[in-house]
Amino acid sequence: MLRVLGKLLLIGFACLIIAPLLIVVFTVFKSNAEFYSNPISIPVQFTLDNLKSLFSKQTMLLYFWNSAVVTLVTVALELLLASSIAYAIMRYGKSKIGGIIFALFAVGLMIPSQVNMIPIYALLSDLSLTNSHLGLILVTLTILLPLSVFMLTGFVKTLPKEIIEAGEIDGASEYRLFAQIVVPLTAPYLATTAAFLFVIVWNDLLFPMLLLVEKSKLTLPLALIQFKGEYITNYPLLMSGVIVTALPMILMFVFLQRYFIAGALAGSLKG
Amino acid sequence: MKKHLRLLPFILPGLVLYMVLFMYPTISALYYSFTNWDGLSPSYQYVGWQNYEKVSQDIIFRKSLGNNVKFMFMVVIVQTVVSLLLALQIYKKSKINVMLRALYFMPTILSSVSVGFIWTFIYDSNLGALNKFLQMIGLESLAQNWLGNPAIAIFSIAAVQAWAHIGQMAVLFIAGLQSIPPELNEAAKLDGASKLGLFFRITWPLLAPAAAIVVSYTTIQSFKAFDLVFTMTGGGPNYSTEILSTYIYSSAFLNYAFGKAATASVYFLLLIAIITFLQFKLLRTDRVSY
Amino acid sequence: MRKLSWLTLLLSIVLLVSACGNNNNSNSNNGSSGSNSGNSTNVSSNAGDKDKKDDVKLSFIHWRGEDVETLDSIINAFQEEYPYIKVETQVFPSDQYQSTAQAKIADGSVGDVFTVFPGAQFEAIANAGLMADLSSEGFVSNFESNLIAAGQKDGQQLALPYQLVYNIPVYNVALFEKYGVEVPKDWDSLLAALEVFKQAGITPIAFPGADIGPGQLMNSMVMNNAPDEDIFVKLEAGEAKLTDEWWVKTLAQFKELNDKGYFQKDAVGAKQDSSIALFVSEQAAILGTGSFHLASNKASNPNLQQGLLAPITVPADQAVFEGIHTTTFMLAVNSKSKHQEEAKLFIEFLSRSDIAGQYANGTGQNVTVKGVEYSSDELKIVSEWTSKHTRFQPRFTIKNGEVQKAVTNSIQAVLSGVSAEQAAAEAQAIVEQQIAN
């Protein structure tokens, strides 16, 4: 009985996911006029105009490149920074300082972006870092620190102390402990965190919108909102942009999935 | 002392960045809660605790607080329970499970704005897929004005928030489930444990750290769910979907009352801190070790 | 070990790429002359000498994504006339425009020319002193003088409205003719007309109650119930209340339309897209929005014949106003801009009647500039209304954003079943809290 229910749940939820996504895909191939008369079903007049328009008029490839660069750099640096901090917190062990540092970063999670948006912009403006990818990366790195530190600290704490202690006894420096023991062991967690971060940075609208001005620097989400008008929105075009934007991440997740959910911890537990 | 010096290089870069680009702006933003700055002009006046009083009595602030709590409860409960149930089904290694994990994770990859649009469309009373579907299977009486009925609008949006993140939370639970040594389960089965007993005595306690992360992250996420509400209803109809983050946004950018927005943020912070603290106590995550 | 080398590989690729990225950034950040991007330098400006100047880059920000193509061709023409000026446009959808414009224009680096909504946004930006005074500029006289009041404050012309819009419902001329319905001149004949459509199985009014509907239709519904053009100013001064007869009656009339089934089902949850869809597919006789939809409706259904119809909520002999107009998309020069002269040249260019005509005919929106020739039927329909007695959109006379929201939300309340008196009382409570500040 439980089994049947379980399977039903899986199928039910799968349908719940596929149906809306199918509608999006259908919309991509409809003209704006058809969209209004036939919003949900399979396109009667299949058209590739939206996709063509996207790549010819709209310099999508440039935005793609910008998004890719900004996202990859941000995620990589974020992993480096946050894992270092998580490592240090773990090494502080029972000492209060570890808790203080953790709390300091965790507090950041509760602060809504609407609040520090204007002061952050003003600060960057003073530092002449607006309208640059560097400024955007620095800001994104910073506001993601609370989340990254929070997640990685939780993961790092699950590492068995014996291995670390063994390394200490062998006389390893902090750097070696970090790079050669902790990082490999937490690799799947790093990958999971990387996945979360990648999605957040790739889809980030707020700070790119605030900071980037020149067309040549825009990221994909910014390009998308250009399709939304004051009174009318070209939904097929918008949805085409949505799909194109989501594609890299879907592919990435499908192919690299095993890195994300591999239970590598199993190996180190026996000790 | 040596320990501090050794660990300093690990902490310093992130800390400096954080202090300069996050803490400092946030504190200066909070400082504005004691002023009547409008977010634009170069000058403003110090008003002491006035904003705190006004905001706490503000009819709309109170409504947004109430809405946010409703929203949070529904999201946390639905999201945690469903993602756990799904994770339990698909954490073992198999091709189908791997495929299902990817499928369930899909909505997380879409930006909240995209999700908002898609579901606004589905929820549409006249043209939307949901009511049309109910009509098709003969359950027309269940068709609602999903986003236009002030009584249920907030819950409709909560359902979408859960939909978008269940896959994400399932991944966390799966990681947790996979780290439970199978020997424990085998030993318990040999002792004659039932499926439910297995779950409550072994699985759940060991999942506590993952559950704690899921619940607290979901809670905070649900308080910050700005994009979704903004895209789907903008806080309406008639303030029924106004939550704290949209209230802060309106105060700052539509009403040019940045001081009040900052004050609301302070309340926001306090609220989340209290809730998170309570959650950790409830889940008692420090209890388990093996 | 395998995993470590994978990580190292990834990191090194990433660092390499970021090095390239940072190089590009430092080049453009230096802002030195002769950089490879070519046009990022700025220099003090003297009006007059068009050719021998150092390049100037103007930043233009607005919210109308649908105008981008037309504006791009106008900008190209502008850049041909002034080769040393390059205009860089950035568009934010109107919801985001509110928040991001504020931060960007405050330091003058972005938005040398920017657009402003009349009412609350205009007031706030004017109070912050961010708009340059254009009163003495010659091009002001290119605009119809009775249409630029929304951009004036304390005797200064701070912004110039570019678009002229009539916030009156759009009706399907062919459907009216088919069912023998004439344009009603008072409330009772309006109800009778709507009943005809309802009986025929056609949605009388497609009303987007979830987004723009209340804010648009409230204007024509209240214009004759409260003929005092300053009624909302009085509301914000505490001299008038929403619980007074003029607003309670308006709410009751909204409720009447909804209760009698003259709006589509669940109108309070309907967004503009579904309402538009109903209208262009000719399943609805009236669209409860405004003239700004005329062009796009026609594009979706070229067979549509449209006109504007204002509901008259009082007996015909008591009606003072025939309709509602708004002048919006107001052009302003950032007072902190380093290129104010060039910014003014751009506005001057836009205010020429041929250019404004190009804009109007390209976007389907009427403009406030004198002497413009409209080529489409839709634009001509609207220009016929300029001779009628219309009132400036009452909603935009509300200066406080929360008050405006409370007013429109009270309409949503009655559409959800709340009584007119109660909805008015709840909204008044919010208004009183807001104006007590």
# chains A, B, ... in the order shown; residues from 1 in each chain; ligands from 1
>>> interface_residues(of="chain B", to="chain C", cutoff="9 Å", atoms="only C-alpha atoms", output="PyMOL selection string")
chain B and resi 38-43+54+57-60+120-121+124-127+144-150+230+233-234+236-239+249-256
>>> select_by_dssp(residues="range 201-239 of chain C", states="helix (DSSP H, G or I)", output="NGL selection string")
:C and (213-223 or 231-236)
>>> write_last_selection(atoms="C-alpha atoms", output="compact mmCIF listing (two decimals), in the first residue's frame")
# COMPACT_ATOMS: atom_id res chain seq x y z
CA GLY C 213 -8.06 47.92 -14.25
CA PRO C 214 -8.91 49.67 -10.97
CA GLY C 215 -6.33 52.39 -11.53
CA GLN C 216 -7.66 53.11 -15.01
CA LEU C 217 -11.43 52.76 -14.75
CA MET C 218 -11.66 54.58 -11.43
CA ASN C 219 -10.91 57.82 -13.23
CA SER C 220 -13.87 57.91 -15.58
CA MET C 221 -16.11 56.49 -12.87
CA VAL C 222 -15.24 59.22 -10.41
CA MET C 223 -14.88 62.18 -12.76
CA ILE C 231 -10.76 66.16 -4.82
CA PHE C 232 -7.80 63.89 -4.17
CA VAL C 233 -5.61 66.75 -3.11
CA LYS C 234 -8.29 67.50 -0.55
CA LEU C 235 -8.32 63.86 0.45
CA GLU C 236 -4.60 64.01 1.20
>>> interface_residues(of="chain B", to="chain A", cutoff="8 Å", atoms="only C-alpha atoms", output="number ranges by chain")
B: 6-7, 10-11, 13-14, 17-18, 21-22, 25-26, 28-29, 39, 85-86, 89, 98-100, 102-104, 106-111, 114, 118-119, 122, 127-129, 171, 174-175, 178-179, 181, 209, 213, 220, 224, 245, 248-249, 252, 261-262, 265, 268-269, 272-273
>>> closest_residue(among="A:Leu22, A:Leu127, A:Ile164, A:Val69", to="chain C", atoms="only C-alpha atoms")
A:Val69
>>> closest_residue(among="A:Ser56, A:Gln45, A:Thr27, A:Asn131", to="chain C", atoms="only C-alpha atoms")
A:Asn131
>>> residues_around(residues="Pro118 in chain C", least_positions_apart="5", cutoff="12 Å", atoms="only C-alpha atoms", output="PDB file with N, CA and C atoms, in the first residue's frame")
ATOM      1  N   GLU C 123       6.830  64.062  -7.978  1.00  0.00           N
ATOM      2  CA  GLU C 123       6.965  64.851  -6.756  1.00  0.00           C
ATOM      3  C   GLU C 123       8.243  64.505  -6.013  1.00  0.00           C
ATOM      4  N   ALA C 124       8.466  63.186  -5.853  1.00  0.00           N
ATOM      5  CA  ALA C 124       9.634  62.778  -5.068  1.00  0.00           C
ATOM      6  C   ALA C 124      10.930  63.222  -5.723  1.00  0.00           C
ATOM      7  N   ILE C 125      11.024  63.021  -7.036  1.00  0.00           N
ATOM      8  CA  ILE C 125      12.275  63.389  -7.711  1.00  0.00           C
ATOM      9  C   ILE C 125      12.453  64.896  -7.747  1.00  0.00           C
ATOM     10  N   ALA C 126      11.335  65.623  -7.875  1.00  0.00           N
ATOM     11  CA  ALA C 126      11.434  67.083  -7.846  1.00  0.00           C
ATOM     12  C   ALA C 126      11.913  67.553  -6.484  1.00  0.00           C
ATOM     13  N   ILE C 148       1.325  70.277 -20.762  1.00  0.00           N
ATOM     14  CA  ILE C 148       2.591  70.027 -20.066  1.00  0.00           C
ATOM     15  C   ILE C 148       2.555  70.414 -18.589  1.00  0.00           C
ATOM     16  N   ALA C 149       1.348  70.623 -18.079  1.00  0.00           N
ATOM     17  CA  ALA C 149       1.255  71.036 -16.675  1.00  0.00           C
ATOM     18  C   ALA C 149       1.766  69.975 -15.713  1.00  0.00           C
ATOM     19  N   ALA C 150       1.641  68.708 -16.071  1.00  0.00           N
ATOM     20  CA  ALA C 150       2.022  67.645 -15.138  1.00  0.00           C
ATOM     21  C   ALA C 150       3.504  67.671 -14.794  1.00  0.00           C
ATOM     22  N   GLY C 151       4.294  68.360 -15.642  1.00  0.00           N
ATOM     23  CA  GLY C 151       5.722  68.397 -15.371  1.00  0.00           C
ATOM     24  C   GLY C 151       6.176  69.694 -14.735  1.00  0.00           C
ATOM     25  N   GLN C 152       5.208  70.463 -14.245  1.00  0.00           N
ATOM     26  CA  GLN C 152       5.560  71.758 -13.651  1.00  0.00           C
ATOM     27  C   GLN C 152       5.450  71.711 -12.146  1.00  0.00           C
ATOM     28  N   LYS C 153       6.337  72.415 -11.485  1.00  0.00           N
ATOM     29  CA  LYS C 153       6.239  72.528 -10.024  1.00  0.00           C
ATOM     30  C   LYS C 153       6.818  73.859  -9.612  1.00  0.00           C
ATOM     31  N   LEU C 158       9.925  71.253 -15.003  1.00  0.00           N
ATOM     32  CA  LEU C 158      10.988  70.315 -14.683  1.00  0.00           C
ATOM     33  C   LEU C 158      11.007  69.097 -15.599  1.00  0.00           C
ATOM     34  N   ALA C 159       9.866  68.783 -16.172  1.00  0.00           N
ATOM     35  CA  ALA C 159       9.815  67.624 -17.075  1.00  0.00           C
ATOM     36  C   ALA C 159       8.771  67.906 -18.135  1.00  0.00           C
ATOM     37  N   LEU C 160       8.945  67.296 -19.298  1.00  0.00           N
ATOM     38  CA  LEU C 160       8.008  67.526 -20.386  1.00  0.00           C
ATOM     39  C   LEU C 160       7.321  66.213 -20.768  1.00  0.00           C
ATOM     40  N   PRO C 161       6.022  66.134 -20.547  1.00  0.00           N
ATOM     41  CA  PRO C 161       5.332  64.891 -20.909  1.00  0.00           C
ATOM     42  C   PRO C 161       5.389  64.683 -22.411  1.00  0.00           C
ATOM     43  N   TYR C 162       5.643  63.456 -22.814  1.00  0.00           N
ATOM     44  CA  TYR C 162       5.774  63.196 -24.243  1.00  0.00           C
ATOM     45  C   TYR C 162       4.527  62.491 -24.787  1.00  0.00           C
ATOM     46  N   GLN C 163       3.952  61.634 -23.960  1.00  0.00           N
ATOM     47  CA  GLN C 163       2.815  60.847 -24.449  1.00  0.00           C
ATOM     48  C   GLN C 163       1.497  61.422 -23.969  1.00  0.00           C
ATOM     49  N   THR C 326      -4.292  61.718 -19.794  1.00  0.00           N
ATOM     50  CA  THR C 326      -3.063  61.778 -18.988  1.00  0.00           C
ATOM     51  C   THR C 326      -1.919  62.145 -19.890  1.00  0.00           C
ATOM     52  N   THR C 327      -1.033  62.944 -19.386  1.00  0.00           N
ATOM     53  CA  THR C 327       0.188  63.222 -20.120  1.00  0.00           C
ATOM     54  C   THR C 327       1.290  62.541 -19.327  1.00  0.00           C
ATOM     55  N   THR C 328       1.949  61.606 -19.964  1.00  0.00           N
ATOM     56  CA  THR C 328       2.926  60.822 -19.220  1.00  0.00           C
ATOM     57  C   THR C 328       4.197  60.614 -20.035  1.00  0.00           C
ATOM     58  N   PHE C 329       5.041  59.695 -19.583  1.00  0.00           N
ATOM     59  CA  PHE C 329       6.355  59.489 -20.210  1.00  0.00           C
ATOM     60  C   PHE C 329       7.048  60.847 -20.276  1.00  0.00           C
ATOM     61  N   MET C 330       7.238  61.446 -19.094  1.00  0.00           N
ATOM     62  CA  MET C 330       7.751  62.804 -19.047  1.00  0.00           C
ATOM     63  C   MET C 330       9.284  62.794 -19.148  1.00  0.00           C
ATOM     64  N   LEU C 331       9.796  63.605 -20.076  1.00  0.00           N
ATOM     65  CA  LEU C 331      11.244  63.658 -20.301  1.00  0.00           C
ATOM     66  C   LEU C 331      11.876  64.694 -19.380  1.00  0.00           C
ATOM     67  N   ALA C 332      12.950  64.293 -18.708  1.00  0.00           N
ATOM     68  CA  ALA C 332      13.622  65.230 -17.797  1.00  0.00           C
ATOM     69  C   ALA C 332      15.121  65.156 -17.989  1.00  0.00           C
ATOM     70  N   PHE C 392      -7.691  65.861 -16.338  1.00  0.00           N
ATOM     71  CA  PHE C 392      -6.409  65.185 -16.090  1.00  0.00           C
ATOM     72  C   PHE C 392      -6.626  64.065 -15.086  1.00  0.00           C
ATOM     73  N   GLN C 393      -5.986  62.934 -15.357  1.00  0.00           N
ATOM     74  CA  GLN C 393      -6.239  61.718 -14.586  1.00  0.00           C
ATOM     75  C   GLN C 393      -6.218  61.969 -13.077  1.00  0.00           C
ATOM     76  N   PRO C 394      -7.357  61.830 -12.422  1.00  0.00           N
ATOM     77  CA  PRO C 394      -7.418  62.098 -10.981  1.00  0.00           C
ATOM     78  C   PRO C 394      -6.431  61.262 -10.180  1.00  0.00           C
ATOM     79  N   ARG C 395      -6.226  60.016 -10.598  1.00  0.00           N
ATOM     80  CA  ARG C 395      -5.346  59.156  -9.806  1.00  0.00           C
ATOM     81  C   ARG C 395      -3.947  59.751  -9.696  1.00  0.00           C
ATOM     82  N   PHE C 396      -3.497  60.418 -10.746  1.00  0.00           N
ATOM     83  CA  PHE C 396      -2.156  60.992 -10.693  1.00  0.00           C
ATOM     84  C   PHE C 396      -2.094  62.294  -9.909  1.00  0.00           C
ATOM     85  N   THR C 397      -3.223  62.758  -9.406  1.00  0.00           N
ATOM     86  CA  THR C 397      -3.147  63.931  -8.547  1.00  0.00           C
ATOM     87  C   THR C 397      -2.869  63.505  -7.106  1.00  0.00           C
ATOM     88  N   ILE C 398      -2.851  62.185  -6.892  1.00  0.00           N
ATOM     89  CA  ILE C 398      -2.529  61.688  -5.552  1.00  0.00           C
ATOM     90  C   ILE C 398      -1.017  61.631  -5.424  1.00  0.00           C
ATOM     91  N   LYS C 399      -0.481  62.295  -4.410  1.00  0.00           N
ATOM     92  CA  LYS C 399       0.970  62.379  -4.308  1.00  0.00           C
ATOM     93  C   LYS C 399       1.581  61.226  -3.515  1.00  0.00           C
ATOM     94  N   ASN C 400       0.778  60.627  -2.632  1.00  0.00           N
ATOM     95  CA  ASN C 400       1.311  59.586  -1.756  1.00  0.00           C
ATOM     96  C   ASN C 400       0.988  58.210  -2.348  1.00  0.00           C
ATOM     97  N   GLY C 401       2.045  57.418  -2.588  1.00  0.00           N
ATOM     98  CA  GLY C 401       1.838  56.118  -3.212  1.00  0.00           C
ATOM     99  C   GLY C 401       0.920  55.190  -2.444  1.00  0.00           C
TER     100      GLY C 401
END
>>> closest_residue(among="C:Ser335, C:Tyr171, C:Leu304, C:Phe207", to="Val110 in chain C", atoms="only C-alpha atoms")
C:Ser335
>>> closest_residue(among="C:Gln318, C:Ser387, C:Ser189, C:Ser300", to="chain A", atoms="only C-alpha atoms")
C:Ser300
>>> residues_around(residues="Ser109 in chain C", least_positions_apart="4", cutoff="9 Å", atoms="only C-alpha atoms", output="MDAnalysis selection string")
(chainID A and resid 125) or (chainID C and resid 59 104:105 336:338)
>>> residues_around(residues="Gly176 in chain B", least_positions_apart="4", cutoff="9 Å", atoms="only C-alpha atoms", output="list of chain:residue names")
B:Val171, B:Leu172, B:Ile180, B:Leu206, B:Leu207, B:Ala208, B:Pro209, B:Ala210, B:Ala211
>>> closest_residue(among="C:Pro315, C:Gly290, C:Gly201, C:Gly238", to="chain A", atoms="only C-alpha atoms")
C:Gly290
>>> residues_around(residues="Lys52 in chain A", least_positions_apart="6", cutoff="12 Å", atoms="only C-alpha atoms", output="number ranges by chain")
A: 28-29, 58-60, 237, 240-241, 244
>>> atom_distance(atom1="CA of Asp54 in chain C", atom2="CA of Ser216 in chain A")
21.9 Å
>>> atom_distance(atom1="CA of Phe292 in chain C", atom2="CA of Leu164 in chain C")
8.9 Å
>>> residues_around(residues="range 48-53 of chain B", least_positions_apart="5", cutoff="9 Å", atoms="only C-alpha atoms", output="count of residues only")
10
>>> atom_distance(atom1="CA of Tyr46 in chain B", atom2="CA of Asp126 in chain A")
24.0 Å
>>> closest_residue(among="C:Phe176, C:Phe279, C:Phe143, C:Phe254", to="chain A", atoms="only C-alpha atoms")
C:Phe279
